[in-house]
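So the structure is just underneath, and the comments pick up after that.
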Amino acid sequence: MVYLDNAATTQVDPQVIESMRESLTEFWGNPSSAHESGSKAKRRLEEARVQIASLMQCFPDEVYFTSGGTEADNWAVMGVLDYFRGKKSHFITVATEHHAVIETAEWLEKRGNPVTILSVNKEGVLDPEQVRDAISDETALVSVMYVNNELGTIQDIPRIGEICREAGVLFHSDCVQSFGKLPLDFKTMNCDLAAISSHKIHGPKGVGALIIKRGTKLSARTIGGGQERGLRTGTENTPGIIGFGKAAELARLSLDDEMVRIRSMRDRLEQRILNEIPDTVVNGSRRHRSSAPLNVSFKNCDGEALLIALDRKGFCVSTGSACSSGATGASHVLMALGMTMEDARASLRISFGRFNSDSDVDALMDVLPGLVQKQRETSPLFS
């Protein structure tokens with residue numbers, strides 16, 4: 001199997017697995033217990049908090065553990081809007097956001113909160129001045145994703161955050177696809193809240209964090225127990241948190257080299273696809289983007305059928321966000337770029353990680369051109 005769907009999830013690093021094994025066999029006490037076993041678990045949990053803060057360049061006490069990026073996004077948005085309920089109720093976000101934010105915006109609108117969904121240009125880039133124009137006296141929160149999960153497009157988060165700060169409005173960013181993949185500095189990002197996740201950086205699933213700037217006000221996620229400084233209570237997922245911490249440490253140590261290596265593989269595949277497969281288009285910005293993923297439309301093809309054909313050949317790719325797998329229609333991210341339904345549904349997302357190499361690019365290109373050609377020749381949809 002050649003795994004090329006790292007934007008959906010990543011293979012857990014063996015060093016992360018070992019750190020989690022230790023927490024399950026040696027440091028398995030409840031971190032809230034006063035005895036030695038609990039104290040050991042608590043120390044390891046706090047070490048993980050420091051490891052994550054070091055990669056995010058924030059204070060350790062600004063890291064609040066969650067079950068993943070979706071919970072962190074939900075908590076940030078609903079937590080702020082609930083805190084300001086009766087005072088400020090307006091929420092601003094972007095059409096290309098993850099479902100965790102877009103669907104929360106839809107829920108808020110049904111509840112009666114005014115919501116503004118900003119558009120992007122054909123490359124998926126938001127003009128920060130749109131945020132300035134949308135902010136009103138009633139605006140409580142702005143939420144803009146740092147790196148888009150389907151396109152890799154990077155938004156100007158520091159500038160957007162500066163605009164929000166000038167207006168006295170809280171700013172949240174979904175950093176799930178940028179954490180551990182780009183150099184981040186929570187202070188210079190001008191964010192008040194940022195969502196991150198473990199399984200995108202070769203850590204375990206089911207654990208993430210919301211970074212909350214000191215002094216930021218929002219409602220608690222859960223109540224009862226006092227964990228996470230009373231804002232997200234309940235017994236901590238200690239093995240997952242320790243694994244998350246180890247994954248963050250490994251990502252920090254290899255960040256610069258991995259950015260170069262993954263970008264090289266992405267660019268090599270991109271050029272081979274454009275050179276060897278006619279009628280293909282790279283979606284999103286080719287200037288303002290991270291090292292991965294690569295999103296490509298193959299004209300007169302069906303992306304879902306290509307995915308299945310590649311899967312049968314031993315290749316794992318996707319047609320978009322794993323969180324919308326099984327949904328009908330085309331990607332809301334691609335449609336927000338102004339693409340037609342047919343072109344949006346003709347797209348594949350290919351993304352690299354730590355355990356990929358140039359040989360994976362070559363292996364994919366040994367089969368992809370033939371599969372595209374075959375589909376174009378035989379599909380009744382495009383005959």
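Identifiers in the structure tokens: chain A, B, ... in order shown; residue index from 1 per chain; ligand index from 1 in order shown.
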
Residues of segment 87-184 of chain A within 12 Å of segment 338-342 of chain A: nearest atom pair and distance (Å, one decimal) for each, counting only C-alpha atoms, sorted by chain and number, as CSV?
residue,atom,partner,partner_atom,distance
A:Ala95,CA,A:Gly338,CA,11.4
A:Thr96,CA,A:Gly338,CA,11.5
A:Ser119,CA,A:Gly338,CA,10.0
A:Val120,CA,A:Gly338,CA,9.2
A:Asn121,CA,A:Gly338,CA,8.2
A:Lys122,CA,A:Gly338,CA,6.2
A:Glu123,CA,A:Gly338,CA,9.4
A:Gly124,CA,A:Gly338,CA,9.5

Can you write out as a tab-separated table which residues of segment 198-223 of chain A fall within 7 Å of segment 6-28 of chain A, alongside each residue's closest atom pair and its distance in Å to one decimal, counting only C-alpha atoms and ordering rows by chain and ascending residue number?
residue	atom	partner	partner_atom	distance
A:His199	CA	A:Thr9	CA	5.6
A:Lys200	CA	A:Thr9	CA	5.2
A:Ile201	CA	A:Thr10	CA	6.5
A:His202	CA	A:Val12	CA	4.4
A:Gly203	CA	A:Val12	CA	5.1
A:Pro204	CA	A:Val12	CA	6.2

Hey, can you spit out that residue selection with all heavy atoms as an mmCIF file, in the first residue's frame?
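The result, stored in result_26.cif:
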data_model
loop_
_atom_site.group_PDB
_atom_site.id
_atom_site.type_symbol
_atom_site.label_atom_id
_atom_site.label_comp_id
_atom_site.auth_asym_id
_atom_site.auth_seq_id
_atom_site.Cartn_x
_atom_site.Cartn_y
_atom_site.Cartn_z
ATOM 1 N N HIS A 199 -3.502 13.866 15.224
ATOM 2 C CA HIS A 199 -3.353 12.834 14.192
ATOM 3 C C HIS A 199 -2.932 13.380 12.829
ATOM 4 O O HIS A 199 -2.697 12.607 11.901
ATOM 5 C CB HIS A 199 -4.637 11.998 14.075
ATOM 6 C CG HIS A 199 -5.786 12.688 13.415
ATOM 7 N ND1 HIS A 199 -6.195 12.391 12.137
ATOM 8 C CD2 HIS A 199 -6.631 13.639 13.857
ATOM 9 C CE1 HIS A 199 -7.239 13.125 11.817
ATOM 10 N NE2 HIS A 199 -7.529 13.901 12.849
ATOM 11 N N LYS A 200 -2.785 14.687 12.704
ATOM 12 C CA LYS A 200 -2.253 15.268 11.466
ATOM 13 C C LYS A 200 -0.730 15.352 11.493
ATOM 14 O O LYS A 200 -0.116 15.668 10.479
ATOM 15 C CB LYS A 200 -2.822 16.675 11.255
ATOM 16 C CG LYS A 200 -4.329 16.778 11.312
ATOM 17 C CD LYS A 200 -5.029 16.024 10.207
ATOM 18 C CE LYS A 200 -6.532 16.326 10.224
ATOM 19 N NZ LYS A 200 -7.271 15.619 9.163
ATOM 20 N N ILE A 201 -0.115 15.083 12.666
ATOM 21 C CA ILE A 201 1.347 15.204 12.785
ATOM 22 C C ILE A 201 1.964 13.901 13.300
ATOM 23 O O ILE A 201 2.933 13.908 14.040
ATOM 24 C CB ILE A 201 1.747 16.383 13.695
ATOM 25 C CG1 ILE A 201 1.178 16.232 15.112
ATOM 26 C CG2 ILE A 201 1.305 17.713 13.068
ATOM 27 C CD1 ILE A 201 1.797 17.200 16.112
ATOM 28 N N HIS A 202 1.376 12.772 12.878
ATOM 29 C CA HIS A 202 1.894 11.444 13.224
ATOM 30 C C HIS A 202 1.731 11.107 14.699
ATOM 31 O O HIS A 202 2.506 10.344 15.268
ATOM 32 C CB HIS A 202 3.355 11.298 12.765
ATOM 33 C CG HIS A 202 3.531 11.500 11.302
ATOM 34 N ND1 HIS A 202 3.213 10.539 10.374
ATOM 35 C CD2 HIS A 202 3.942 12.590 10.587
ATOM 36 C CE1 HIS A 202 3.446 11.007 9.148
ATOM 37 N NE2 HIS A 202 3.880 12.255 9.252
ATOM 38 N N GLY A 203 0.680 11.692 15.306
ATOM 39 C CA GLY A 203 0.281 11.339 16.655
ATOM 40 C C GLY A 203 -1.011 10.540 16.625
ATOM 41 O O GLY A 203 -1.561 10.254 15.545
ATOM 42 N N PRO A 204 -1.547 10.165 17.787
ATOM 43 C CA PRO A 204 -2.777 9.365 17.834
ATOM 44 C C PRO A 204 -4.016 10.190 17.516
ATOM 45 O O PRO A 204 -4.028 11.407 17.663
ATOM 46 C CB PRO A 204 -2.804 8.874 19.275
ATOM 47 C CG PRO A 204 -2.095 9.951 20.042
ATOM 48 C CD PRO A 204 -0.996 10.433 19.132
#

Nearest-residue call for Ala167 of chain A, choices A:Lys42, A:Arg132, A:Lys205, A:His99, using only C-alpha atoms: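 For Ala167 of chain A, the nearest of the candidates is A:Arg132.
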
Which residue gives the smallest distance to Ala209 of chain A among A:Ala34, A:Ala72, A:Val367, A:Met189, with only C-alpha atoms counted?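 So, comparing all the options, the nearest one is A:Ala72.
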
Extract, using only C-alpha atoms, all DNA, RNA and protein residues at most 7 Å from Arg252 of chain A, discarding same-chain residues fewer than 3 positions from it, and format them as a PyMOL selection string. chain A and resi 55+180+248-249+255

Counting only C-alpha atoms, what is within 6 Å of segment 312-319 of chain A, bar same-chain residues fewer than 4 positions away, as a PDB file with N, CA and C atoms, in the first residue's frame?
ATOM      1  N   MET A   1       0.837  -1.204   0.000  1.00  0.00           N
ATOM      2  CA  MET A   1       0.000   0.000   0.000  1.00  0.00           C
ATOM      3  C   MET A   1       0.869   1.249   0.000  1.00  0.00           C
ATOM      4  N   VAL A   2       0.508   2.217  -0.851  1.00  0.00           N
ATOM      5  CA  VAL A   2       1.172   3.517  -0.868  1.00  0.00           C
ATOM      6  C   VAL A   2       0.176   4.530  -0.316  1.00  0.00           C
ATOM      7  N   TYR A   3       0.487   5.081   0.844  1.00  0.00           N
ATOM      8  CA  TYR A   3      -0.446   5.973   1.534  1.00  0.00           C
ATOM      9  C   TYR A   3      -0.147   7.424   1.182  1.00  0.00           C
ATOM     10  N   LEU A   4      -1.102   8.073   0.507  1.00  0.00           N
ATOM     11  CA  LEU A   4      -0.943   9.451   0.061  1.00  0.00           C
ATOM     12  C   LEU A   4      -2.161  10.291   0.466  1.00  0.00           C
ATOM     13  N   ASP A   5      -2.630  10.070   1.700  1.00  0.00           N
ATOM     14  CA  ASP A   5      -3.790  10.793   2.215  1.00  0.00           C
ATOM     15  C   ASP A   5      -3.480  11.369   3.592  1.00  0.00           C
ATOM     16  N   SER A 347     -12.006  15.955  -9.022  1.00  0.00           N
ATOM     17  CA  SER A 347     -10.778  16.305  -8.297  1.00  0.00           C
ATOM     18  C   SER A 347     -10.312  15.189  -7.369  1.00  0.00           C
ATOM     19  N   LEU A 348      -8.989  15.151  -7.169  1.00  0.00           N
ATOM     20  CA  LEU A 348      -8.352  14.303  -6.179  1.00  0.00           C
ATOM     21  C   LEU A 348      -7.464  15.160  -5.293  1.00  0.00           C
ATOM     22  N   ARG A 349      -7.384  14.791  -4.019  1.00  0.00           N
ATOM     23  CA  ARG A 349      -6.440  15.409  -3.094  1.00  0.00           C
ATOM     24  C   ARG A 349      -5.376  14.377  -2.753  1.00  0.00           C
ATOM     25  N   ILE A 350      -4.122  14.741  -2.995  1.00  0.00           N
ATOM     26  CA  ILE A 350      -2.980  13.856  -2.742  1.00  0.00           C
ATOM     27  C   ILE A 350      -2.064  14.567  -1.758  1.00  0.00           C
TER      28      ILE A 350
END

Just the number, please: distance in Å from atom CA of Ser331 of chain A to atom CA of Ile277 of chain A, one decimal.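 Computing the Euclidean distance for atom CA of Ser331 of chain A and atom CA of Ile277 of chain A yields 22.5 Å.
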
Which parts of segment 50-221 of chain A does DSSP call strand (DSSP E) when run on the backbone here, written out as a ChimeraX atom specification? /A:63-66,90-94,115-118,139-143,170-174,193-197,208-212

Using only C-alpha atoms: which of A:Ala330, A:Met56, A:Met265, A:Ala292 has the shortest distance to Ser359 of chain A: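 For Ser359 of chain A, the nearest of the given residues is A:Met265.
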
Based on the backbone DSSP call, show me all residues of segment 125-167 of chain A assigned alpha helix (DSSP H), as a list in words. Pro128, Glu129, Gln130, Val131, Arg132, Asp133, Ala134, Ile157, Pro158, Arg159, Ile160, Gly161, Glu162, Ile163, Cys164, Arg165, Glu166 and Ala167 of chain A
